[in-house]
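Enquirer: First the structure, which I've put down as structure tokens, then a few questions once you've had a look.
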Amino acid sequence: MAKSKASSTAAVRINIGISDKDREAIAAELSKVLADSYTLYLMTHNFHWNVTGPLFNTLHQMFMTQYSEEWAALDDIAERIRALGVHAPGTYREFAKLSSISEPADVPNALEMVRLLVKGNEAVSKTARAAFDKADSANDQPTADLLTQRMDIHEKNAWMLRSLLE
């Protein structure tokens, strides 16, 4: 006996205590966090490959630590979007539309790389903070927890990078 469409749809309906409208709104904000995070990941990895000058070793290692952590976080953010029942963005086109971070047109010098990464980490933190507000107002603790962790990491990264400019 075949299941009716209504019964098969009801079996997969998400019922986690967050309304459909709130889940979609939270996922939309998380998609912006994912886009900013992916853009920052690419920029950091690019700078890791292309940094030169007297700070080469310090920056090369720091950039690798930061892009490696960022890479792992991308999956957590995308999987949270999926857990909310929404498709995660996953193309350069989508990320470019959603991201608040502007990439440089060329390869900057080492200190400009640091300045750009400070701005990028601050941008991710601001985007995550806006998403946190949406998650918090909908009583979505798993998303709020994820975003709190991301803000902590990006604010710490910005501080460490900023310290190199003093």
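Quick note on naming: the chains in the structure tokens go A, B, ... in the order shown, residues restart at 1 in each chain, and ligands are numbered from 1 in order of appearance.
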Tell me, as a ChimeraX atom specification, which residues lie within 9 Å of A:Val86, counting only C-alpha atoms; anything in the same chain fewer than 5 positions away does not count.
Expert: /A:23-24,27-28,81
Enquirer: With N, CA and C atoms retained, write the just-selected residues as a PDB file, in the first residue's frame.
Expert:
ATOM      1  N   ARG A  23      12.267  29.474  11.688  1.00  0.00           N
ATOM      2  CA  ARG A  23      13.345  28.620  11.168  1.00  0.00           C
ATOM      3  C   ARG A  23      13.896  29.188   9.869  1.00  0.00           C
ATOM      4  N   GLU A  24      13.008  29.625   8.989  1.00  0.00           N
ATOM      5  CA  GLU A  24      13.436  30.196   7.703  1.00  0.00           C
ATOM      6  C   GLU A  24      14.193  31.507   7.905  1.00  0.00           C
ATOM      7  N   ALA A  27      17.615  30.637   9.337  1.00  0.00           N
ATOM      8  CA  ALA A  27      18.445  30.046   8.276  1.00  0.00           C
ATOM      9  C   ALA A  27      18.926  31.116   7.298  1.00  0.00           C
ATOM     10  N   ALA A  28      18.100  32.111   7.024  1.00  0.00           N
ATOM     11  CA  ALA A  28      18.511  33.208   6.134  1.00  0.00           C
ATOM     12  C   ALA A  28      19.674  33.979   6.745  1.00  0.00           C
ATOM     13  N   ILE A  81      22.028  25.064   9.227  1.00  0.00           N
ATOM     14  CA  ILE A  81      21.012  25.525   8.273  1.00  0.00           C
ATOM     15  C   ILE A  81      20.162  24.343   7.820  1.00  0.00           C
TER      16      ILE A  81
END
Enquirer: How close does each residue of stretch 12-45 of chain A get to stretch 74-79 of chain A, giving the shortest atom pair and distance in Å to one decimal for every residue with an atom at most 9 Å away, counting only C-alpha atoms, sorted by chain and residue number, as JSON lines?
Expert:
{"residue": "A:Leu30", "atom": "CA", "partner": "A:Ile77", "partner_atom": "CA", "distance": 6.9}
{"residue": "A:Ser31", "atom": "CA", "partner": "A:Ala78", "partner_atom": "CA", "distance": 7.7}
{"residue": "A:Val33", "atom": "CA", "partner": "A:Ile77", "partner_atom": "CA", "distance": 7.8}
{"residue": "A:Leu34", "atom": "CA", "partner": "A:Ile77", "partner_atom": "CA", "distance": 6.2}
{"residue": "A:Ser37", "atom": "CA", "partner": "A:Leu74", "partner_atom": "CA", "distance": 6.9}
{"residue": "A:Tyr38", "atom": "CA", "partner": "A:Leu74", "partner_atom": "CA", "distance": 6.9}
{"residue": "A:Tyr41", "atom": "CA", "partner": "A:Leu74", "partner_atom": "CA", "distance": 8.9}
Enquirer: Got time to write the residues from that selection, all heavy atoms, as a compact mmCIF listing (two decimals), in the first residue's frame?
Expert:
# COMPACT_ATOMS: atom_id res chain seq x y z
N LEU A 30 21.76 32.74 9.05
CA LEU A 30 22.90 31.81 9.06
C LEU A 30 23.55 31.70 7.68
O LEU A 30 24.76 31.52 7.58
CB LEU A 30 22.45 30.42 9.52
CG LEU A 30 22.33 30.20 11.02
CD1 LEU A 30 21.71 28.82 11.29
CD2 LEU A 30 23.66 30.35 11.71
N SER A 31 22.76 31.83 6.63
CA SER A 31 23.31 31.80 5.27
C SER A 31 24.25 32.98 5.04
O SER A 31 25.28 32.84 4.37
CB SER A 31 22.18 31.82 4.24
OG SER A 31 21.44 30.61 4.31
N VAL A 33 25.99 34.37 7.48
CA VAL A 33 27.17 34.01 8.27
C VAL A 33 28.03 33.03 7.48
O VAL A 33 29.26 33.17 7.44
CB VAL A 33 26.77 33.40 9.64
CG1 VAL A 33 28.01 32.91 10.40
CG2 VAL A 33 26.00 34.41 10.48
N LEU A 34 27.39 32.06 6.84
CA LEU A 34 28.13 31.09 6.03
C LEU A 34 28.85 31.78 4.88
O LEU A 34 30.02 31.50 4.60
CB LEU A 34 27.18 30.01 5.51
CG LEU A 34 27.80 28.88 4.68
CD1 LEU A 34 28.85 28.12 5.50
CD2 LEU A 34 26.71 27.94 4.19
N SER A 37 31.72 33.77 6.24
CA SER A 37 32.74 32.84 6.73
C SER A 37 33.52 32.22 5.57
O SER A 37 34.75 32.09 5.63
CB SER A 37 32.10 31.73 7.57
OG SER A 37 31.48 32.28 8.71
N TYR A 38 32.81 31.85 4.51
CA TYR A 38 33.48 31.26 3.35
C TYR A 38 34.36 32.29 2.66
O TYR A 38 35.49 31.99 2.26
CB TYR A 38 32.46 30.68 2.38
CG TYR A 38 33.08 29.68 1.43
CD1 TYR A 38 33.15 28.33 1.78
CD2 TYR A 38 33.63 30.07 0.22
CE1 TYR A 38 33.75 27.40 0.93
CE2 TYR A 38 34.22 29.15 -0.63
CZ TYR A 38 34.28 27.81 -0.27
OH TYR A 38 34.88 26.91 -1.10
N TYR A 41 37.36 32.70 4.80
CA TYR A 41 38.20 31.52 4.63
C TYR A 41 39.06 31.65 3.36
O TYR A 41 40.28 31.45 3.39
CB TYR A 41 37.35 30.24 4.56
CG TYR A 41 38.10 29.10 3.93
CD1 TYR A 41 39.05 28.40 4.65
CD2 TYR A 41 37.89 28.77 2.60
CE1 TYR A 41 39.79 27.39 4.05
CE2 TYR A 41 38.61 27.76 1.99
CZ TYR A 41 39.56 27.07 2.72
OH TYR A 41 40.29 26.08 2.12
Enquirer: Can you tell me, as a list in words, what residues are no more than 12 Å from A:Ala96 when counting only C-alpha atoms, ignoring any on the same chain fewer than 2 positions away?
Expert: Ser31, Lys32, Leu34, Ala35, Asp36, Ser37, Tyr38, Thr39, Leu40, Leu42, Pro89, Gly90, Thr91, Tyr92, Arg93, Glu94, Leu98, Ser99, Ser100, Ile101, Ser102 and Glu103 of chain A
Enquirer: Record the distance separating atom CA of A:Gly17 and atom CA of A:Met151, expressed in Å with one decimal.
Expert: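 Computed distance, atom CA of A:Gly17 to atom CA of A:Met151, equals 25.0 Å.
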Enquirer: Calculated over only C-alpha atoms, which of the candidates A:Ala25, A:Leu116, A:Ala105, A:Leu84 has the smallest distance to A:Asp133?
Expert: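 Using only C-alpha atoms, A:Asp133 sits closest to A:Ala25.
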Enquirer: From stretch 21-132 of chain A, collect each residue whose DSSP state is helix (DSSP H, G or I) and return the set as a CSV table (one decimal) with C-alpha atoms, in the first residue's frame.
Expert:
chain,number,residue,atom,x,y,z
A,21,LYS,CA,8.7,31.3,9.7
A,22,ASP,CA,11.3,31.6,12.5
A,23,ARG,CA,13.3,28.6,11.2
A,24,GLU,CA,13.4,30.2,7.7
A,25,ALA,CA,14.4,33.6,9.1
A,26,ILE,CA,17.2,32.1,11.2
A,27,ALA,CA,18.4,30.0,8.3
A,28,ALA,CA,18.5,33.2,6.1
A,29,GLU,CA,20.7,34.9,8.7
A,30,LEU,CA,22.9,31.8,9.1
A,31,SER,CA,23.3,31.8,5.3
A,32,LYS,CA,24.8,35.3,5.5
A,33,VAL,CA,27.2,34.0,8.3
A,34,LEU,CA,28.1,31.1,6.0
A,35,ALA,CA,28.8,33.4,3.1
A,36,ASP,CA,30.9,35.8,5.2
A,37,SER,CA,32.7,32.8,6.7
A,38,TYR,CA,33.5,31.3,3.4
A,39,THR,CA,34.7,34.6,1.9
A,40,LEU,CA,36.9,35.1,4.9
A,41,TYR,CA,38.2,31.5,4.6
A,42,LEU,CA,39.1,32.1,1.0
A,43,MET,CA,40.8,35.4,1.7
A,44,THR,CA,42.8,34.0,4.6
A,45,HIS,CA,43.9,31.0,2.6
A,46,ASN,CA,44.9,33.2,-0.3
A,47,PHE,CA,46.9,35.4,2.0
A,48,HIS,CA,48.6,32.4,3.5
A,49,TRP,CA,49.8,31.4,0.0
A,50,ASN,CA,50.9,34.8,-1.0
A,56,PHE,CA,56.3,35.9,6.5
A,57,ASN,CA,56.8,33.0,8.9
A,58,THR,CA,54.6,34.6,11.6
A,59,LEU,CA,51.8,35.5,9.2
A,60,HIS,CA,52.0,32.3,7.2
A,61,GLN,CA,51.5,30.2,10.3
A,62,MET,CA,48.8,32.5,11.8
A,63,PHE,CA,46.9,32.5,8.5
A,64,MET,CA,47.1,28.7,8.3
A,65,THR,CA,45.8,28.3,11.9
A,66,GLN,CA,42.9,30.7,11.1
A,67,TYR,CA,41.8,29.3,7.8
A,68,SER,CA,42.0,25.7,9.1
A,69,GLU,CA,39.7,26.6,11.9
A,70,GLU,CA,37.4,28.5,9.6
A,71,TRP,CA,37.2,25.5,7.2
A,72,ALA,CA,35.9,23.2,9.9
A,73,ALA,CA,33.4,25.8,11.0
A,74,LEU,CA,31.8,26.1,7.6
A,75,ASP,CA,30.4,22.6,7.9
A,76,ASP,CA,28.9,23.3,11.3
A,77,ILE,CA,27.2,26.4,10.0
A,78,ALA,CA,25.9,24.7,6.9
A,79,GLU,CA,24.7,21.7,8.8
A,80,ARG,CA,22.8,23.9,11.2
A,81,ILE,CA,21.0,25.5,8.3
A,82,ARG,CA,20.1,22.0,7.1
A,83,ALA,CA,18.9,21.0,10.6
A,92,TYR,CA,30.4,31.3,-5.3
A,93,ARG,CA,27.5,33.2,-6.9
A,94,GLU,CA,25.3,32.7,-3.7
A,95,PHE,CA,28.2,33.6,-1.4
A,96,ALA,CA,29.0,36.7,-3.4
A,97,LYS,CA,25.4,37.9,-3.1
A,98,LEU,CA,25.1,37.2,0.6
A,110,ALA,CA,51.6,41.8,4.4
A,111,LEU,CA,50.3,44.6,6.7
A,112,GLU,CA,47.4,45.3,4.4
A,113,MET,CA,46.6,41.6,4.5
A,114,VAL,CA,46.4,41.9,8.3
A,115,ARG,CA,44.2,45.0,8.1
A,116,LEU,CA,41.8,43.2,5.6
A,117,LEU,CA,41.6,40.2,7.8
A,118,VAL,CA,40.9,42.3,10.9
A,119,LYS,CA,38.0,43.8,9.0
A,120,GLY,CA,36.9,40.4,7.7
A,121,ASN,CA,36.8,38.8,11.2
A,122,GLU,CA,34.9,41.8,12.5
A,123,ALA,CA,32.4,41.5,9.7
A,124,VAL,CA,31.8,37.9,10.4
A,125,SER,CA,31.3,38.7,14.1
A,126,LYS,CA,28.8,41.5,13.2
A,127,THR,CA,26.9,39.2,10.9
A,128,ALA,CA,26.9,36.4,13.5
A,129,ARG,CA,25.6,38.9,16.1
A,130,ALA,CA,22.7,39.8,13.9
A,131,ALA,CA,21.9,36.1,13.4
A,132,PHE,CA,22.3,35.5,17.1
Enquirer: Considering only C-alpha atoms, state which residue in the set A:Arg150, A:Asn109, A:Lys134, A:Asp145 is at the smallest distance from A:Leu55.
Expert: A:Asn109
Enquirer: So how many Å separate atom CA of A:Ala138 and atom CA of A:Ile16, to one decimal?
Expert: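 Computing the Euclidean distance for atom CA of A:Ala138 and atom CA of A:Ile16 yields 11.4 Å.
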